[in-house]
Amino acid sequence: MLEAIGVGSVEALFANVAQKHRLQRPLAIPAAASEQELVAEFSALAARNVHHASHDWFLGAGCYAHFIPSAVDAIASRSEFYTAYTPYQAEISQGTLQAIFEWQTMICGLTGLEVSNASMYDGASAAAEAALMAMRITRRTKVVVANSVHPHYREVIRTYLRGLEAQIVAAPRAADGRTAALAGLVDGGTACVLLQQPNFWGAIEDVAAAAAAAHAHGAKLVVVVGEALSLALLRSPGSLGADIVCGEGQSFGVPMSLGGPNLGFMAARMASVRNLPGRLVGQTVDGEGRRGFVLTLSTREQHIRRERATSNICTNQGLCLLMATVYLSLLGRVGLRRLAERNLAKAEYAKARVRATRELTLPLTAPTFNEFVVGVRGSAAAALERALEVGIVGGLDLASYAPELGPALLVCTTELATRQAIDRLVAALAGERP
Amino acid sequence: MSSADRRARVGNATNGFAYEEPLLFERSRPGRMACSLPRCDVPETDPAAVLGAAALRDDIEGLPELSEVDVIRHFTRLSTWNASVDLGLYPLGSCTMKYNPKVNEKIARLPGFSGAHPLQPVALMQGFLRLAFELERNLAEISGMDRVTLQPAAGAQGELAGIMMIRAFHEQRGEKRRKVLIPDTAHGTNPASAALNGYEVIPVPSGEDGLLHPEEIERRMTPEVAALMITNPSTLGLFEEHIARIAEIVHARGGLIYGDGANLNALLGISRPGDLGIDVMHFNLHKTFSTPHGGGGPGAGPVGVKNALAPFLPVPVVRKLGGQEGEGFTLDYDFPLSIGRLHANFGNVGMLVRAYAYIRSLGPDGLRRCAEMAVLNANYLLARLRGVYHVPYDRPAMHECVLSDRHLDGTGVTTLDVAKRLIDYGYHPPTVYFPLIVHGALMIEPTESESLEGLDRFVDALLAIAEEAREDPELVRTAPHHTRRSRLDETRAARQPVLRWQPEEPA
């Protein structure tokens with residue numbers, strides 16, 4: 001090979017890198033590990049993290065422990081999918097392209113909107129991109145964000161809007177856990193209202209009222225969905241007037257994986273498709289008139305439009321999108337609804353058990369889906385510690401998120417929570433020691 | 001009746017084992033389902049009673065009804081329609097489509113990684129925090145940067161983070177700088193990231209040799225310029241030989257240098273961006289560090305910075321405990337100058353696990369060997385293809401080489417046709433028509449994963465296509481001929497967008 005190139009050594013291939021620009025020593029990183037050593041080393045690291053199978057699990061707050069059917073990973077492990085890249089060459093990427101088209105169709109159905117992109121990094125960046133999209137459409141700069149949107153999402157929105165002329169106004173929470181009336185906060189300079197459904201505290205918001213408040217001033221309503229499974233039960237945000245629906249699709253068969261990679265999604269009305277960020281797959285035909293799929297409307301995107309693009313996003317979360325599409329196919333329209341009802345039943349049972357104690361309270365009274373706030377006596381940290389002693393990860397301590405609620409936890413019950421585990425959780429939070 | 005018609009009539013719509021496959025929604029049959037819930041151990045709830053009937057949806061439009069066999073066959077068939085690294089050479093320039101080791105897939109699926117939650121107590125995620133801490137340190141050493149954040153979910157988000165830190169750095173010093181210099185060879189994400197953060201983009205032309213020249217920077221480097229974004233090696237596959245001088249000019253006038261790490265593969269163990277004057281850079285773990293591309297993500301785009309920019313890093317920051325605090329790692333949030341959060345959690349952890357496993361399995365010698373073999377392979381392709389394909393900037397290549405279709409002028413065959421014809425030879429085409437400054441560019445990155453025999457076969461295919469272009473141009477212009485679908489009508493897709501399946505209206 002060197003002969004064909006016409007150099008004497010591999011070293012000579014780097015002649016254009018001046019000696020003073022070269023690293024004159026080996027990299028100071030550990031020596032190579034064999035595959036056997038690697039597996040042992042990483043198994044030891046993994047063993048130092050608890051996970052939803054090592055404990056009874058009641059922690060949600062934007063990342064949910066759901067059962068994942070084996071067929072999901074069987075497909076996601078096919079290297080024809082996971083070692084491919086963005087389907088630029090349509091003729092040899094029809095598998096990926098058709099799966100994305102199917103995902104787009106499913107997201108449109110779930111959200112009640114007309115166009116979905118091929119996914120975003122996560123729910124938080126999807127929410128931030130939705131705010132930017134609303135600003136582009138309305139040419140306005142004020143964004144009203146409910147305080148009941150996931151606190152991390154609100155931080156990411158703030159980060160994304162840095163450097164732009166944008167104003168973020170917070171909409172407070174009412175006593176029952178829902179967002180208080182928006183009327184006084186929205187005006188003619190408002191680009192959008194951002195509402196989470198169900199909200200971070202688990203409460204089910206009045207989307208139609210928020211849509212009316214936003215639309216009265218020509219603003220857009222963005223609904224952020226943190227627990228995607230709720231879409232199977234609740235009226236779709238699109239049918240209630242939301243203009244953009246985005247959020248986190250991790251609940252649809254994507255492992256929690258310490259919160260990433262998860263699956264941002266985003267849908268909107270067809271009238272605003274040119275302002276949508278991210279990849280889009282469209283149907284077309286080949287030279288013989290046969291149906292096929294391609295990446296399309298890419299004049300919105302950075303590789304064509306550069307600094308005038310709708311976003312700088314390049315990749316999507318292709319493999320996570322595939323997992324979710326397989327998951328939704330397996331559960332289907334009936335199974336997904338049943339699963340959502342099961343989640344609701346578990347939460348209602350847990351809330352009933354909480355009500356039956358003298359030590360615990362349900363401080364927010366709005367209806368909930370599979371997550372709700374529990375007030376405890378003493379400190380929330382101590383209550384979680386008692387749960388941990390009996391093998392339970394009991395929820396999220398809200399001390400740093402909502403100190404005004406007093407000692408309180410955000411507790412989530414998915415289909416994985418057994419009746420027995422719920423009973424033990426309630427006993428531990430109420431103060432019983434084993 | 002022809003045999004093809006007869007096969008179609010029989011209904012399996014196959015050509016041997018090349019299957020047609022309808023959309024999921026067209027396969028759907030009422031009553032099928034592939035999920036089984038456990039017996040309900042709590043009282044059943046009537047959703048309407050709890051939430052009110054008005055809050056509930058009727059039906060979930062858009063979801064099919066299928067059995068598990070239906071679903072598995074559907075997606076297995078779709079998978080056979082994809083080109084992939086495991087199937088063959090995938091020389092997509094600037095995407096570094098190297099082999100993705102199988103052990104990393106196994107490791108990322110360990111329940112302690114895949115089943116752990118981002119908000120579980122810090123004391124109960126020490127394995128992850130240790131891994132994150134070590135990966136940050138390794139990436140810092142590899143790049144010559146001082147600190148690293150793992151949070152950005154992709155290279156483009158890394159660029160955004162880097163540009164935000166640059167803005168915060170200048171603002172902290174009371175300076176309002178509104179412009180960013182970007183060479184004409186840059187990836188589209190560079191100008192888009194700068195614009196997304198409110199900067200005006202000033203393009204910088206490359207010289208006749210394809211390199212960026214200090215005079216061009218000198219001329220544009222006003223006090224209004226916050227930074228220069230530079231990709232090294234450039235998208236022409238060339239090492240930016242004047243980088244140190246350029247960095248001096250930018251620094252002397254108060255600017256910073258952003259390094260796009262897309263092409264870091266060429267420099268592993270050879271040269272470190274941090275030693276060349278780069279102040280901020282992102283890594284593409286899905287390129288350089290072998291995490292699978294996943295059909296277009298998830299990637300991961302950690303960002304390295306020099307100490308001067310460390311106060312602006314996103315939160316949370318992983319810290320090793322010391323002294324009285326005992327053993328272990330924790331998360332720190334209290335950085336008043338931080339640009340804030342970019343991701344709901346810690347970034348794409350599953351990708352971080354795979355990348356760290358890759359670095360651990362290669363070590364310092366293995367990483368350097370990657371760069372050497374990647375550069376050897378690219379130069380070998382260049383040597384064998386020169387003459388038949390035009391080489392617009394004929395200098396020693398780094399990890400990739402850029403050719404053009406100029407030698408095919410007069411045949412009617414263009415770069416796009418060559419790319420599509422390569423498919424008939426069993427190769428994923430290179431990146432085409434990029435960088436924009438090369439007319440009809442073919443950007444080829446073989447990576448270190450390919451053997452000499454594999455490269456020779458690929459070269460033979462490209463040489464054969466050049467011959468075909470002269471002898472039978474129509475054959476090349478109408479390629480591919482051996483795929484499930486021939487060339488797809490992209491104009492129609494854009495003009496009459498069909499972006500989801502909808503049931504046909506009853507006539």
# chains A, B, ... in the order shown; residues from 1 in each chain; ligands from 1
call {"tool": "select_by_dssp", "arguments": {"residues": "region 86-200 of chain A", "states": "strand (DSSP E or B)", "output": "PDB file with C-alpha atoms, in the first residue's frame"}}
result
ATOM      1  CA  SER A  93     -32.330   2.700   3.016  1.00  0.00           C
ATOM      2  CA  VAL A 115     -47.324  16.069  10.611  1.00  0.00           C
ATOM      3  CA  SER A 116     -44.613  14.527  12.776  1.00  0.00           C
ATOM      4  CA  MET A 120     -35.624  14.854  18.343  1.00  0.00           C
ATOM      5  CA  LYS A 142     -42.358  36.084  24.470  1.00  0.00           C
ATOM      6  CA  VAL A 143     -42.774  32.516  25.652  1.00  0.00           C
ATOM      7  CA  VAL A 144     -45.108  31.640  28.516  1.00  0.00           C
ATOM      8  CA  VAL A 145     -43.926  28.453  30.228  1.00  0.00           C
ATOM      9  CA  ALA A 146     -46.036  26.770  32.898  1.00  0.00           C
ATOM     10  CA  GLN A 167     -38.513  36.627  27.125  1.00  0.00           C
ATOM     11  CA  ILE A 168     -39.663  33.701  29.258  1.00  0.00           C
ATOM     12  CA  VAL A 169     -42.638  34.244  31.559  1.00  0.00           C
ATOM     13  CA  ALA A 170     -43.583  31.635  34.153  1.00  0.00           C
ATOM     14  CA  ALA A 171     -47.219  30.581  34.623  1.00  0.00           C
ATOM     15  CA  ARG A 173     -49.386  26.394  39.609  1.00  0.00           C
ATOM     16  CA  THR A 179     -51.659  25.505  35.927  1.00  0.00           C
ATOM     17  CA  THR A 190     -46.651  36.107  23.048  1.00  0.00           C
ATOM     18  CA  ALA A 191     -45.331  33.492  20.653  1.00  0.00           C
ATOM     19  CA  CYS A 192     -46.592  30.504  22.584  1.00  0.00           C
ATOM     20  CA  VAL A 193     -47.826  28.983  25.803  1.00  0.00           C
ATOM     21  CA  LEU A 194     -46.007  25.817  26.871  1.00  0.00           C
ATOM     22  CA  LEU A 195     -48.009  23.397  28.968  1.00  0.00           C
ATOM     23  CA  GLN A 196     -47.094  19.867  30.062  1.00  0.00           C
TER      24      GLN A 196
END
call {"tool": "select_by_dssp", "arguments": {"residues": "region 116-336 of chain A", "states": "alpha helix (DSSP H)", "output": "mmCIF file with N, CA and C atoms, in the first residue's frame"}}
result
data_model
loop_
_atom_site.group_PDB
_atom_site.id
_atom_site.type_symbol
_atom_site.label_atom_id
_atom_site.label_comp_id
_atom_site.auth_asym_id
_atom_site.auth_seq_id
_atom_site.Cartn_x
_atom_site.Cartn_y
_atom_site.Cartn_z
ATOM 1 N N GLY A 123 -37.094 14.855 25.188
ATOM 2 C CA GLY A 123 -38.256 15.697 25.423
ATOM 3 C C GLY A 123 -37.883 17.143 25.689
ATOM 4 N N ALA A 124 -36.769 17.340 26.381
ATOM 5 C CA ALA A 124 -36.375 18.696 26.757
ATOM 6 C C ALA A 124 -35.991 19.526 25.539
ATOM 7 N N SER A 125 -35.147 18.976 24.674
ATOM 8 C CA SER A 125 -34.738 19.760 23.498
ATOM 9 C C SER A 125 -35.902 19.894 22.530
ATOM 10 N N ALA A 126 -36.821 18.904 22.520
ATOM 11 C CA ALA A 126 -38.014 19.028 21.683
ATOM 12 C C ALA A 126 -38.860 20.208 22.160
ATOM 13 N N ALA A 127 -38.980 20.361 23.488
ATOM 14 C CA ALA A 127 -39.761 21.484 24.028
ATOM 15 C C ALA A 127 -39.110 22.814 23.653
ATOM 16 N N ALA A 128 -37.771 22.866 23.755
ATOM 17 C CA ALA A 128 -37.064 24.101 23.406
ATOM 18 C C ALA A 128 -37.213 24.410 21.921
ATOM 19 N N GLU A 129 -37.090 23.384 21.081
ATOM 20 C CA GLU A 129 -37.238 23.592 19.635
ATOM 21 C C GLU A 129 -38.672 23.999 19.296
ATOM 22 N N ALA A 130 -39.649 23.492 20.063
ATOM 23 C CA ALA A 130 -41.043 23.874 19.821
ATOM 24 C C ALA A 130 -41.233 25.362 20.115
ATOM 25 N N ALA A 131 -40.602 25.841 21.187
ATOM 26 C CA ALA A 131 -40.698 27.267 21.519
ATOM 27 C C ALA A 131 -40.078 28.103 20.395
ATOM 28 N N LEU A 132 -38.926 27.666 19.903
ATOM 29 C CA LEU A 132 -38.263 28.386 18.804
ATOM 30 C C LEU A 132 -39.136 28.378 17.557
ATOM 31 N N MET A 133 -39.770 27.225 17.309
ATOM 32 C CA MET A 133 -40.635 27.115 16.130
ATOM 33 C C MET A 133 -41.809 28.089 16.233
ATOM 34 N N ALA A 134 -42.413 28.159 17.414
ATOM 35 C CA ALA A 134 -43.534 29.084 17.615
ATOM 36 C C ALA A 134 -43.061 30.530 17.431
ATOM 37 N N MET A 135 -41.847 30.826 17.873
ATOM 38 C CA MET A 135 -41.306 32.178 17.693
ATOM 39 C C MET A 135 -41.123 32.494 16.201
ATOM 40 N N ARG A 136 -40.665 31.486 15.439
ATOM 41 C CA ARG A 136 -40.495 31.710 13.996
ATOM 42 C C ARG A 136 -41.831 31.951 13.315
ATOM 43 N N ILE A 137 -42.831 31.131 13.681
ATOM 44 C CA ILE A 137 -44.131 31.235 13.011
ATOM 45 C C ILE A 137 -44.786 32.577 13.315
ATOM 46 N N THR A 138 -44.747 32.979 14.590
ATOM 47 C CA THR A 138 -45.477 34.191 14.995
ATOM 48 C C THR A 138 -44.631 35.448 14.876
ATOM 49 N N PRO A 151 -39.001 20.581 35.489
ATOM 50 C CA PRO A 151 -38.003 21.618 35.795
ATOM 51 C C PRO A 151 -36.760 21.536 34.905
ATOM 52 N N HIS A 152 -36.361 20.327 34.525
ATOM 53 C CA HIS A 152 -35.185 20.208 33.645
ATOM 54 C C HIS A 152 -35.497 20.702 32.238
ATOM 55 N N TYR A 153 -36.729 20.466 31.798
ATOM 56 C CA TYR A 153 -37.127 20.975 30.487
ATOM 57 C C TYR A 153 -37.092 22.501 30.507
ATOM 58 N N ARG A 154 -37.581 23.077 31.621
ATOM 59 C CA ARG A 154 -37.589 24.541 31.698
ATOM 60 C C ARG A 154 -36.158 25.077 31.657
ATOM 61 N N GLU A 155 -35.237 24.353 32.302
ATOM 62 C CA GLU A 155 -33.829 24.790 32.248
ATOM 63 C C GLU A 155 -33.290 24.727 30.821
ATOM 64 N N VAL A 156 -33.643 23.659 30.109
ATOM 65 C CA VAL A 156 -33.134 23.505 28.736
ATOM 66 C C VAL A 156 -33.735 24.577 27.819
ATOM 67 N N ILE A 157 -35.007 24.882 28.032
ATOM 68 C CA ILE A 157 -35.631 25.959 27.233
ATOM 69 C C ILE A 157 -34.858 27.262 27.473
ATOM 70 N N ARG A 158 -34.553 27.526 28.748
ATOM 71 C CA ARG A 158 -33.808 28.747 29.074
ATOM 72 C C ARG A 158 -32.441 28.732 28.367
ATOM 73 N N THR A 159 -31.776 27.597 28.381
ATOM 74 C CA THR A 159 -30.464 27.504 27.732
ATOM 75 C C THR A 159 -30.576 27.775 26.234
ATOM 76 N N TYR A 160 -31.564 27.141 25.582
ATOM 77 C CA TYR A 160 -31.705 27.308 24.134
ATOM 78 C C TYR A 160 -32.043 28.742 23.747
ATOM 79 N N LEU A 161 -32.758 29.449 24.629
ATOM 80 C CA LEU A 161 -33.184 30.809 24.282
ATOM 81 C C LEU A 161 -32.140 31.868 24.660
ATOM 82 N N VAL A 207 -56.254 21.401 28.690
ATOM 83 C CA VAL A 207 -55.596 21.820 27.450
ATOM 84 C C VAL A 207 -56.486 22.763 26.641
ATOM 85 N N ALA A 208 -57.784 22.465 26.605
ATOM 86 C CA ALA A 208 -58.698 23.297 25.798
ATOM 87 C C ALA A 208 -58.706 24.730 26.313
ATOM 88 N N ALA A 209 -58.693 24.910 27.628
ATOM 89 C CA ALA A 209 -58.705 26.265 28.185
ATOM 90 C C ALA A 209 -57.397 26.988 27.848
ATOM 91 N N ALA A 210 -56.292 26.260 27.918
ATOM 92 C CA ALA A 210 -55.005 26.879 27.577
ATOM 93 C C ALA A 210 -54.975 27.275 26.102
ATOM 94 N N ALA A 211 -55.542 26.407 25.252
ATOM 95 C CA ALA A 211 -55.581 26.722 23.819
ATOM 96 C C ALA A 211 -56.384 27.993 23.586
ATOM 97 N N ALA A 212 -57.518 28.105 24.264
ATOM 98 C CA ALA A 212 -58.354 29.295 24.096
ATOM 99 C C ALA A 212 -57.583 30.538 24.552
ATOM 100 N N ALA A 213 -56.898 30.438 25.691
ATOM 101 C CA ALA A 213 -56.147 31.587 26.217
ATOM 102 C C ALA A 213 -55.040 32.001 25.252
ATOM 103 N N ALA A 214 -54.362 31.022 24.669
ATOM 104 C CA ALA A 214 -53.281 31.330 23.727
ATOM 105 C C ALA A 214 -53.839 31.911 22.432
ATOM 106 N N HIS A 215 -54.834 31.232 21.895
ATOM 107 C CA HIS A 215 -55.352 31.633 20.577
ATOM 108 C C HIS A 215 -56.044 32.998 20.621
ATOM 109 N N GLN A 302 -30.178 22.250 7.935
ATOM 110 C CA GLN A 302 -28.883 22.913 7.975
ATOM 111 C C GLN A 302 -27.965 22.518 6.818
ATOM 112 N N HIS A 303 -28.049 21.267 6.334
ATOM 113 C CA HIS A 303 -27.089 20.875 5.293
ATOM 114 C C HIS A 303 -27.401 21.557 3.962
ATOM 115 N N ILE A 304 -28.626 22.089 3.812
ATOM 116 C CA ILE A 304 -28.965 22.861 2.624
ATOM 117 C C ILE A 304 -28.945 24.355 2.952
ATOM 118 N N ARG A 305 -29.633 24.707 4.035
ATOM 119 C CA ARG A 305 -29.929 26.105 4.306
ATOM 120 C C ARG A 305 -28.878 26.770 5.192
ATOM 121 N N GLY A 318 -32.736 7.805 15.621
ATOM 122 C CA GLY A 318 -33.246 6.766 14.735
ATOM 123 C C GLY A 318 -33.525 5.426 15.401
ATOM 124 N N LEU A 319 -32.573 4.912 16.146
ATOM 125 C CA LEU A 319 -32.748 3.571 16.694
ATOM 126 C C LEU A 319 -33.823 3.562 17.788
ATOM 127 N N CYS A 320 -33.905 4.629 18.572
ATOM 128 C CA CYS A 320 -34.941 4.712 19.610
ATOM 129 C C CYS A 320 -36.318 4.819 18.963
ATOM 130 N N LEU A 321 -36.372 5.544 17.864
ATOM 131 C CA LEU A 321 -37.616 5.654 17.102
ATOM 132 C C LEU A 321 -38.043 4.275 16.600
ATOM 133 N N LEU A 322 -37.075 3.487 16.168
ATOM 134 C CA LEU A 322 -37.382 2.132 15.697
ATOM 135 C C LEU A 322 -37.949 1.295 16.845
ATOM 136 N N MET A 323 -37.294 1.382 18.015
ATOM 137 C CA MET A 323 -37.788 0.634 19.180
ATOM 138 C C MET A 323 -39.243 1.014 19.470
ATOM 139 N N ALA A 324 -39.523 2.296 19.448
ATOM 140 C CA ALA A 324 -40.866 2.764 19.778
ATOM 141 C C ALA A 324 -41.872 2.307 18.726
ATOM 142 N N THR A 325 -41.465 2.308 17.461
ATOM 143 C CA THR A 325 -42.381 1.880 16.401
ATOM 144 C C THR A 325 -42.698 0.392 16.545
ATOM 145 N N VAL A 326 -41.682 -0.410 16.890
ATOM 146 C CA VAL A 326 -41.916 -1.837 17.122
ATOM 147 C C VAL A 326 -42.839 -2.012 18.332
ATOM 148 N N TYR A 327 -42.549 -1.282 19.400
ATOM 149 C CA TYR A 327 -43.345 -1.379 20.631
ATOM 150 C C TYR A 327 -44.821 -1.049 20.354
ATOM 151 N N LEU A 328 -45.033 0.054 19.647
ATOM 152 C CA LEU A 328 -46.415 0.482 19.366
ATOM 153 C C LEU A 328 -47.118 -0.507 18.440
ATOM 154 N N SER A 329 -46.352 -1.169 17.558
ATOM 155 C CA SER A 329 -46.944 -2.189 16.690
ATOM 156 C C SER A 329 -47.372 -3.401 17.503
ATOM 157 N N LEU A 330 -46.553 -3.761 18.488
ATOM 158 C CA LEU A 330 -46.843 -4.944 19.304
ATOM 159 C C LEU A 330 -48.081 -4.698 20.165
ATOM 160 N N LEU A 331 -48.143 -3.539 20.798
ATOM 161 C CA LEU A 331 -49.288 -3.273 21.669
ATOM 162 C C LEU A 331 -50.525 -2.921 20.869
ATOM 163 N N GLY A 332 -50.308 -2.112 19.841
ATOM 164 C CA GLY A 332 -51.425 -1.779 18.972
ATOM 165 C C GLY A 332 -52.460 -0.902 19.651
ATOM 166 N N ARG A 333 -53.529 -0.615 18.903
ATOM 167 C CA ARG A 333 -54.511 0.355 19.404
ATOM 168 C C ARG A 333 -55.237 -0.161 20.638
ATOM 169 N N VAL A 334 -55.426 -1.474 20.757
ATOM 170 C CA VAL A 334 -56.138 -2.019 21.912
ATOM 171 C C VAL A 334 -55.187 -2.207 23.100
ATOM 172 N N GLY A 335 -54.022 -2.781 22.824
ATOM 173 C CA GLY A 335 -53.085 -3.088 23.910
ATOM 174 C C GLY A 335 -52.569 -1.839 24.604
ATOM 175 N N LEU A 336 -52.307 -0.807 23.828
ATOM 176 C CA LEU A 336 -51.760 0.410 24.421
ATOM 177 C C LEU A 336 -52.797 1.054 25.358
#
call {"tool": "residues_around", "arguments": {"residues": "region 298-309 of chain B", "least_positions_apart": "6", "cutoff": "7 Å", "atoms": "only C-alpha atoms", "output": "VMD selection string"}}
result
(chain A and resid 261 316 to 319) or (chain B and resid 140 145 to 155 157 to 158 162 165 169 279 to 286 348 351)
call {"tool": "residues_around", "arguments": {"residues": "Arg178 (chain B)", "least_positions_apart": "5", "cutoff": "7 Å", "atoms": "only C-alpha atoms", "output": "list of chain:residue names"}}
result
B:Tyr199, B:Glu200, B:Glu224, B:Val225, B:Ala226
call {"tool": "atom_distance", "arguments": {"atom1": "CA of Val393 (chain A)", "atom2": "CA of Trp57 (chain A)"}}
result
5.1 Å
call {"tool": "residues_around", "arguments": {"residues": "region 486-503 of chain B", "least_positions_apart": "2", "cutoff": "10 Å", "atoms": "only C-alpha atoms", "output": "MDAnalysis selection string"}}
result
(chainID A and resid 89:92 100:109 114:117 270 273 280:299) or (chainID B and resid 23:26 61:62 420 478:484 505:506)
call {"tool": "residues_around", "arguments": {"residues": "Gln126 (chain B)", "least_positions_apart": "6", "cutoff": "8 Å", "atoms": "only C-alpha atoms", "output": "PyMOL selection string"}}
result
(chain A and resi 45+48-49) or (chain B and resi 328-329)
call {"tool": "closest_residue", "arguments": {"among": "B:Glu215, B:Gly31, B:Ala466, B:Tyr90", "to": "Ile423 (chain B)", "atoms": "only C-alpha atoms"}}
result
B:Tyr90
call {"tool": "closest_residue", "arguments": {"among": "A:Ala180, A:Leu339, A:Ala76, A:Leu234", "to": "Glu415 (chain A)", "atoms": "only C-alpha atoms"}}
result
A:Leu339
call {"tool": "residues_around", "arguments": {"residues": "Glu248 (chain B)", "least_positions_apart": "4", "cutoff": "10 Å", "atoms": "only C-alpha atoms", "output": "list in words"}}
result
Pro214, Ile243, Ala244, Ala252, Arg253, Gly254, Gly255, Leu256, Ile257, Leu276 and Gly277 of chain B
call {"tool": "closest_residue", "arguments": {"among": "B:Cys40, B:Leu63, B:Ala371, B:Val318", "to": "Phe128 (chain B)", "atoms": "only C-alpha atoms"}}
result
B:Val318
call {"tool": "closest_residue", "arguments": {"among": "B:Leu228, B:Ile163, B:Val315, B:Leu110", "to": "chain A", "atoms": "only C-alpha atoms"}}
result
B:Leu110
call {"tool": "atom_distance", "arguments": {"atom1": "CA of Arg485 (chain B)", "atom2": "CA of Asp86 (chain B)"}}
result
21.4 Å
call {"tool": "closest_residue", "arguments": {"among": "B:Pro273, B:Gly198, B:Pro446, B:Gly426", "to": "chain A", "atoms": "only C-alpha atoms"}}
result
B:Gly198
call {"tool": "closest_residue", "arguments": {"among": "A:Gly378, A:Pro198, A:Gly395, A:Gly253", "to": "chain B", "atoms": "only C-alpha atoms"}}
result
A:Gly395
